[in-house]
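Here is the structure we will look at.
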Amino acid sequence: MKRFRGILAEFFLAVCVLAAVFIPKRYSGASAVSANGQLSVKGTQIVNEKGKAFVIKGVSTHGLSWFPQYANKKAFQTLKKKGVNTIRLAMYTEEYNGYCNSGTENQKKLKSLISKGVKAASELGMYVIIDWHILSDGNPLTHKAEAKKFFKTMAKKYNGKKNVFFEICNEPNGAGDWSSIKKYANAVIKTIRSVNKKAVIIVGTPTWSQDVDTAAASPLKGSNLVYALHFYAATHGQYLRDKYELAIKKGLPVLVTEFGISDASGNGNLSKSEGNKWMKLLNKYKAGRVCWNLSNKAETSSLLKSSCQKTGGWKSSDYTAQAKWLWKWYK
Ligand code: IDC
């Protein structure tokens with residue numbers, strides 16, 4: 001009997017040890033990247049290494065020049081606990097110490113912030129999007145030469161990394177029509193692919209990344225490409241959801257790399273009801289989404305209250321109404 005008890009105790013111990021080794025990895029401790037690996041584009045979806053749909057739940061920084069303090073590991077770790085699996089590093093090309101109009105010293109600063117952000121996200125097993133944030137420049141061809149140089153450096157630096165995405169033109173608008181975007185995208189994609197074959201590349205669409213239907217009518221050639229759709233729920237309602245569904249039905253892979261429930265200015269009243277409609281639609285297609293913006297700027301699209309000075313480790317009282325709405329959807 002004693003001996004039997006001993007064997008039983010040993011067996012129990014062995015089960016505990018095995019559980020301690022295997023369970024955390026598979027069921028609790030696994031990060032998004034360790035569980036899903038290199039993502040790719042299949043049909044209209046972003047899928048993991050096993051070909052299963054992977055839903056990006058992201059947060060975008062505000063401009064890295066405006067709010068450099070949030071590109072840090074503690075901040076990303078705090079977001080990870082809220083269900084965030086992807087960070088978008090927004091680097092404006094023109095506005096507020098933009099990459100293309102503020103000199104080489106500032107370019108170095110911005111590149112080191114990107115390094116810091118990618119490193120932090122990687123250590124946490126999160127995906128990370130390097131965003132060439134064109135806005136007032138309108139046509140991405142305006143800074144094509146700089147973009148090619150920038151993305152060549154990034155593609156080399158992060159070649160072989162499974163968690164890095166390249167977003168090559170945030171929001172074309174005005175003269176940035178689909179034929180200009182295609183010209184630009186073909187050139188930049190060629191540059192990236194000359195080094196890096198696998199990374200998912202995100203291409204902006206006309207009218208501040210809303211005309212995914214135009215892109216669907218004449219998509220680019222190449223693999224692992226996905227098209228950006230941006231919405232701000234208090235401004236963009238059913239007509240834009242219709243465009244989105246039209247594009248999906250035509251087979252276009254779409255990723256929402258920016259959205260909010262504020263109006264399109266990033267401020268004004270929030271529309272939770274329109275936001276809920278959008279989330280339900282994106283869930284239906286297992287589509288990724290990245291919320292604008294991680295900062296404490298006094299505008300309703302910020303995730304932190306303007307009174308909050310902390311750069312990570314936030315508590316419930318530090319978050320704005322948009323953030324509280326978002327965490328419910330990301331949980
Ligand atoms: C907004 C910021 C705001 C900043 C402005 C600069 O929220 O603080 O002053 O840019 O022009 C976008 C853009 C994104 C905008 C955001 C809200 O990609 O840069 O950020 N928005 O207006 N497209 C639609 C909305």
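All residue names refer to the structure tokens as shown: chains lettered A, B, ... in order, residues numbered from 1 in each chain, ligands numbered from 1 in order.
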When the cut-off is 9 Å and you count only C-alpha atoms and all ligand atoms, which residues lie near ligand 1, shown as number ranges by chain? A: 62-63, 66, 90, 92, 95-96, 133-136, 170-171, 208-209, 230-232, 258-260, 262-267, 292-293, 295, 297-302
Generate the output file for the selected residues, N, CA and C atoms, as an mmCIF file, in the first residue's frame.
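After the write, again-v9.cif holds the following:
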data_model
loop_
_atom_site.group_PDB
_atom_site.id
_atom_site.type_symbol
_atom_site.label_atom_id
_atom_site.label_comp_id
_atom_site.auth_asym_id
_atom_site.auth_seq_id
_atom_site.Cartn_x
_atom_site.Cartn_y
_atom_site.Cartn_z
ATOM 1 N N HIS A 62 0.297 57.855 -31.827
ATOM 2 C CA HIS A 62 0.129 59.131 -32.534
ATOM 3 C C HIS A 62 1.457 59.313 -33.286
ATOM 4 N N GLY A 63 1.696 60.453 -33.904
ATOM 5 C CA GLY A 63 2.968 60.662 -34.603
ATOM 6 C C GLY A 63 4.148 60.477 -33.664
ATOM 7 N N TRP A 66 5.540 63.699 -32.393
ATOM 8 C CA TRP A 66 4.703 64.439 -31.445
ATOM 9 C C TRP A 66 4.768 63.817 -30.058
ATOM 10 N N ALA A 90 3.391 55.126 -36.056
ATOM 11 C CA ALA A 90 3.015 56.104 -37.081
ATOM 12 C C ALA A 90 4.107 57.169 -37.216
ATOM 13 N N TYR A 92 4.890 60.344 -39.328
ATOM 14 C CA TYR A 92 4.428 61.314 -40.321
ATOM 15 C C TYR A 92 5.583 61.672 -41.257
ATOM 16 N N GLU A 95 3.815 66.341 -41.546
ATOM 17 C CA GLU A 95 3.332 67.089 -40.382
ATOM 18 C C GLU A 95 4.292 66.999 -39.202
ATOM 19 N N TYR A 96 4.393 68.044 -38.465
ATOM 20 C CA TYR A 96 5.063 68.100 -37.164
ATOM 21 C C TYR A 96 6.382 67.313 -37.124
ATOM 22 N N HIS A 133 3.619 57.622 -42.756
ATOM 23 C CA HIS A 133 2.334 58.294 -42.529
ATOM 24 C C HIS A 133 2.170 59.538 -43.407
ATOM 25 N N ILE A 134 1.901 59.302 -44.682
ATOM 26 C CA ILE A 134 1.648 60.459 -45.558
ATOM 27 C C ILE A 134 0.266 61.004 -45.218
ATOM 28 N N LEU A 135 0.107 62.322 -45.310
ATOM 29 C CA LEU A 135 -1.212 62.914 -45.043
ATOM 30 C C LEU A 135 -1.363 64.178 -45.888
ATOM 31 N N SER A 136 -0.770 65.309 -45.447
ATOM 32 C CA SER A 136 -0.934 66.521 -46.258
ATOM 33 C C SER A 136 -0.166 66.415 -47.570
ATOM 34 N N ASN A 170 0.180 55.805 -45.651
ATOM 35 C CA ASN A 170 -0.971 55.886 -44.748
ATOM 36 C C ASN A 170 -2.281 56.257 -45.444
ATOM 37 N N GLU A 171 -2.358 57.508 -45.914
ATOM 38 C CA GLU A 171 -3.627 57.973 -46.495
ATOM 39 C C GLU A 171 -3.405 58.850 -47.720
ATOM 40 N N TRP A 208 -8.126 59.197 -48.479
ATOM 41 C CA TRP A 208 -7.746 58.918 -47.081
ATOM 42 C C TRP A 208 -7.985 57.438 -46.711
ATOM 43 N N SER A 209 -7.573 56.564 -47.632
ATOM 44 C CA SER A 209 -7.715 55.116 -47.418
ATOM 45 C C SER A 209 -9.162 54.688 -47.167
ATOM 46 N N HIS A 230 -9.595 52.956 -43.700
ATOM 47 C CA HIS A 230 -9.658 53.725 -42.453
ATOM 48 C C HIS A 230 -11.067 54.250 -42.234
ATOM 49 N N PHE A 231 -11.537 54.159 -40.998
ATOM 50 C CA PHE A 231 -12.841 54.761 -40.703
ATOM 51 C C PHE A 231 -12.842 55.425 -39.330
ATOM 52 N N TYR A 232 -13.628 56.468 -39.246
ATOM 53 C CA TYR A 232 -13.876 57.172 -37.981
ATOM 54 C C TYR A 232 -15.385 57.170 -37.824
ATOM 55 N N GLU A 258 -6.329 51.991 -39.364
ATOM 56 C CA GLU A 258 -6.683 53.142 -38.525
ATOM 57 C C GLU A 258 -8.196 53.208 -38.378
ATOM 58 N N PHE A 259 -8.649 53.363 -37.158
ATOM 59 C CA PHE A 259 -10.069 53.633 -36.952
ATOM 60 C C PHE A 259 -10.249 54.271 -35.586
ATOM 61 N N GLY A 260 -11.397 54.898 -35.440
ATOM 62 C CA GLY A 260 -11.753 55.454 -34.147
ATOM 63 C C GLY A 260 -13.259 55.598 -34.114
ATOM 64 N N SER A 262 -14.423 58.518 -32.911
ATOM 65 C CA SER A 262 -14.572 59.984 -32.960
ATOM 66 C C SER A 262 -14.988 60.362 -34.385
ATOM 67 N N ASP A 263 -14.994 61.664 -34.677
ATOM 68 C CA ASP A 263 -15.205 62.040 -36.083
ATOM 69 C C ASP A 263 -13.862 62.042 -36.810
ATOM 70 N N ALA A 264 -13.896 62.335 -38.102
ATOM 71 C CA ALA A 264 -12.691 62.168 -38.926
ATOM 72 C C ALA A 264 -11.561 63.113 -38.546
ATOM 73 N N SER A 265 -11.858 64.151 -37.754
ATOM 74 C CA SER A 265 -10.781 65.054 -37.331
ATOM 75 C C SER A 265 -9.989 64.459 -36.176
ATOM 76 N N GLY A 266 -10.458 63.324 -35.655
ATOM 77 C CA GLY A 266 -9.815 62.736 -34.477
ATOM 78 C C GLY A 266 -10.370 63.324 -33.192
ATOM 79 N N ASN A 267 -11.428 64.137 -33.343
ATOM 80 C CA ASN A 267 -12.011 64.805 -32.175
ATOM 81 C C ASN A 267 -13.546 64.773 -32.308
ATOM 82 N N TRP A 292 -6.734 54.293 -33.546
ATOM 83 C CA TRP A 292 -6.044 55.579 -33.427
ATOM 84 C C TRP A 292 -6.495 56.269 -32.150
ATOM 85 N N ASN A 293 -5.739 56.704 -31.207
ATOM 86 C CA ASN A 293 -4.312 56.813 -31.121
ATOM 87 C C ASN A 293 -3.842 56.741 -29.671
ATOM 88 N N SER A 295 -2.079 58.359 -27.183
ATOM 89 C CA SER A 295 -1.487 59.604 -26.668
ATOM 90 C C SER A 295 -2.448 60.188 -25.649
ATOM 91 N N LYS A 297 -3.178 63.478 -25.958
ATOM 92 C CA LYS A 297 -3.574 64.750 -26.567
ATOM 93 C C LYS A 297 -5.043 65.020 -26.220
ATOM 94 N N ALA A 298 -5.377 66.300 -26.036
ATOM 95 C CA ALA A 298 -6.757 66.630 -25.674
ATOM 96 C C ALA A 298 -7.666 66.527 -26.894
ATOM 97 N N GLU A 299 -7.913 65.308 -27.336
ATOM 98 C CA GLU A 299 -8.864 65.051 -28.422
ATOM 99 C C GLU A 299 -9.509 63.695 -28.154
ATOM 100 N N THR A 300 -10.734 63.515 -28.640
ATOM 101 C CA THR A 300 -11.489 62.335 -28.202
ATOM 102 C C THR A 300 -10.961 61.009 -28.756
ATOM 103 N N SER A 301 -10.112 61.065 -29.800
ATOM 104 C CA SER A 301 -9.564 59.807 -30.314
ATOM 105 C C SER A 301 -8.362 59.318 -29.499
ATOM 106 N N SER A 302 -7.876 60.127 -28.577
ATOM 107 C CA SER A 302 -6.749 59.675 -27.737
ATOM 108 C C SER A 302 -7.241 58.591 -26.783
#
Can you list, as a PyMOL selection string, every residue of region 258-303 of chain A that DSSP puts in alpha helix (DSSP H)? chain A and resi 272-284
Residues within 12 Å of Asp242 (chain A), please, as a PyMOL selection string. Count only C-alpha atoms; anything in the same chain fewer than 2 positions from it doesn't count. chain A and resi 210-213+236-240+244-249+277-278+281
Now that the selection is made, can you save its residues with C-alpha atoms as a CSV table (one decimal), in the first residue's frame?
chain,number,residue,atom,x,y,z
A,210,GLN,CA,-11.4,54.7,-48.0
A,211,ASP,CA,-11.7,53.7,-51.7
A,212,VAL,CA,-11.0,50.0,-51.3
A,213,ASP,CA,-13.6,49.4,-54.0
A,236,HIS,CA,-18.0,57.2,-41.7
A,237,GLY,CA,-21.1,55.0,-41.6
A,238,GLN,CA,-23.0,52.6,-43.7
A,239,TYR,CA,-21.8,53.9,-47.1
A,240,LEU,CA,-18.2,53.1,-46.2
A,244,TYR,CA,-15.8,47.5,-47.6
A,245,GLU,CA,-18.1,44.6,-48.2
A,246,LEU,CA,-18.0,45.2,-51.9
A,247,ALA,CA,-14.2,45.0,-51.9
A,248,ILE,CA,-14.2,41.8,-49.8
A,249,LYS,CA,-16.8,40.2,-52.1
A,277,LYS,CA,-21.7,48.1,-36.2
A,278,TRP,CA,-18.2,48.4,-37.6
A,281,LEU,CA,-18.8,43.6,-39.5
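Distances from A:Ser122, A:Ser194, A:Thr205, A:Asn296 to Ile87 (chain A) were compared using only C-alpha atoms, and the smallest one belongs to A:Ser122.
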Residue among A:Thr142, A:Thr44, A:Asn224, A:Ser306 lying closest to Ala175 (chain A), counting only C-alpha atoms: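 Checking each of A:Thr142, A:Thr44, A:Asn224, A:Ser306 against Ala175 (chain A), counting only C-alpha atoms, the winner is A:Thr142.
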Using only C-alpha atoms, which of A:Thr191, A:Leu282, A:Met126, A:Met91 sits nearest Gln77 (chain A)?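 Ranked by minimum distance to Gln77 (chain A), first place goes to A:Met126.
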Across A:Gly117, A:Gly174, A:Pro253, A:Gly160, the smallest distance to Lys286 (chain A), with only C-alpha atoms counted, is shown by A:Pro253
Between CA of Ala199 (chain A) and CA of Phe166 (chain A), what is the distance, to one decimal in Å?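 Taking CA of Ala199 (chain A) as the start and CA of Phe166 (chain A) as the end point, the length is 7.2 Å.
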Just to confirm, what's the straight-line distance from CA of Asn48 (chain A) to CA of Lys198 (chain A) in Å (one decimal)?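 Straight-line distance from CA of Asn48 (chain A) to CA of Lys198 (chain A) works out to 12.5 Å.
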Set the distance at 6 Å and use only C-alpha atoms: which residues neighbour region 312-325 of chain A once local chain neighbours fewer than 4 positions away are removed? I'd like the list as a short mmCIF file (atom, residue, chain, number, x, y, z; two decimals) with C-alpha atoms, in the first residue's frame.
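Result file follows (around32.cif):
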data_model
loop_
_atom_site.label_atom_id
_atom_site.label_comp_id
_atom_site.auth_asym_id
_atom_site.auth_seq_id
_atom_site.Cartn_x
_atom_site.Cartn_y
_atom_site.Cartn_z
CA LYS A 74 5.99 49.19 -20.49
CA ALA A 75 3.36 50.98 -22.57
CA THR A 78 0.07 47.46 -20.61
CA LEU A 303 -6.74 56.60 -25.55
CA LEU A 304 -5.35 58.44 -22.52
CA LYS A 305 -6.88 61.33 -20.66
CA CYS A 308 -2.58 61.40 -17.46
#
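Note that the spacing between CA of Ala71 (chain A) and CA of Phe151 (chain A) amounts to 19.7 Å.
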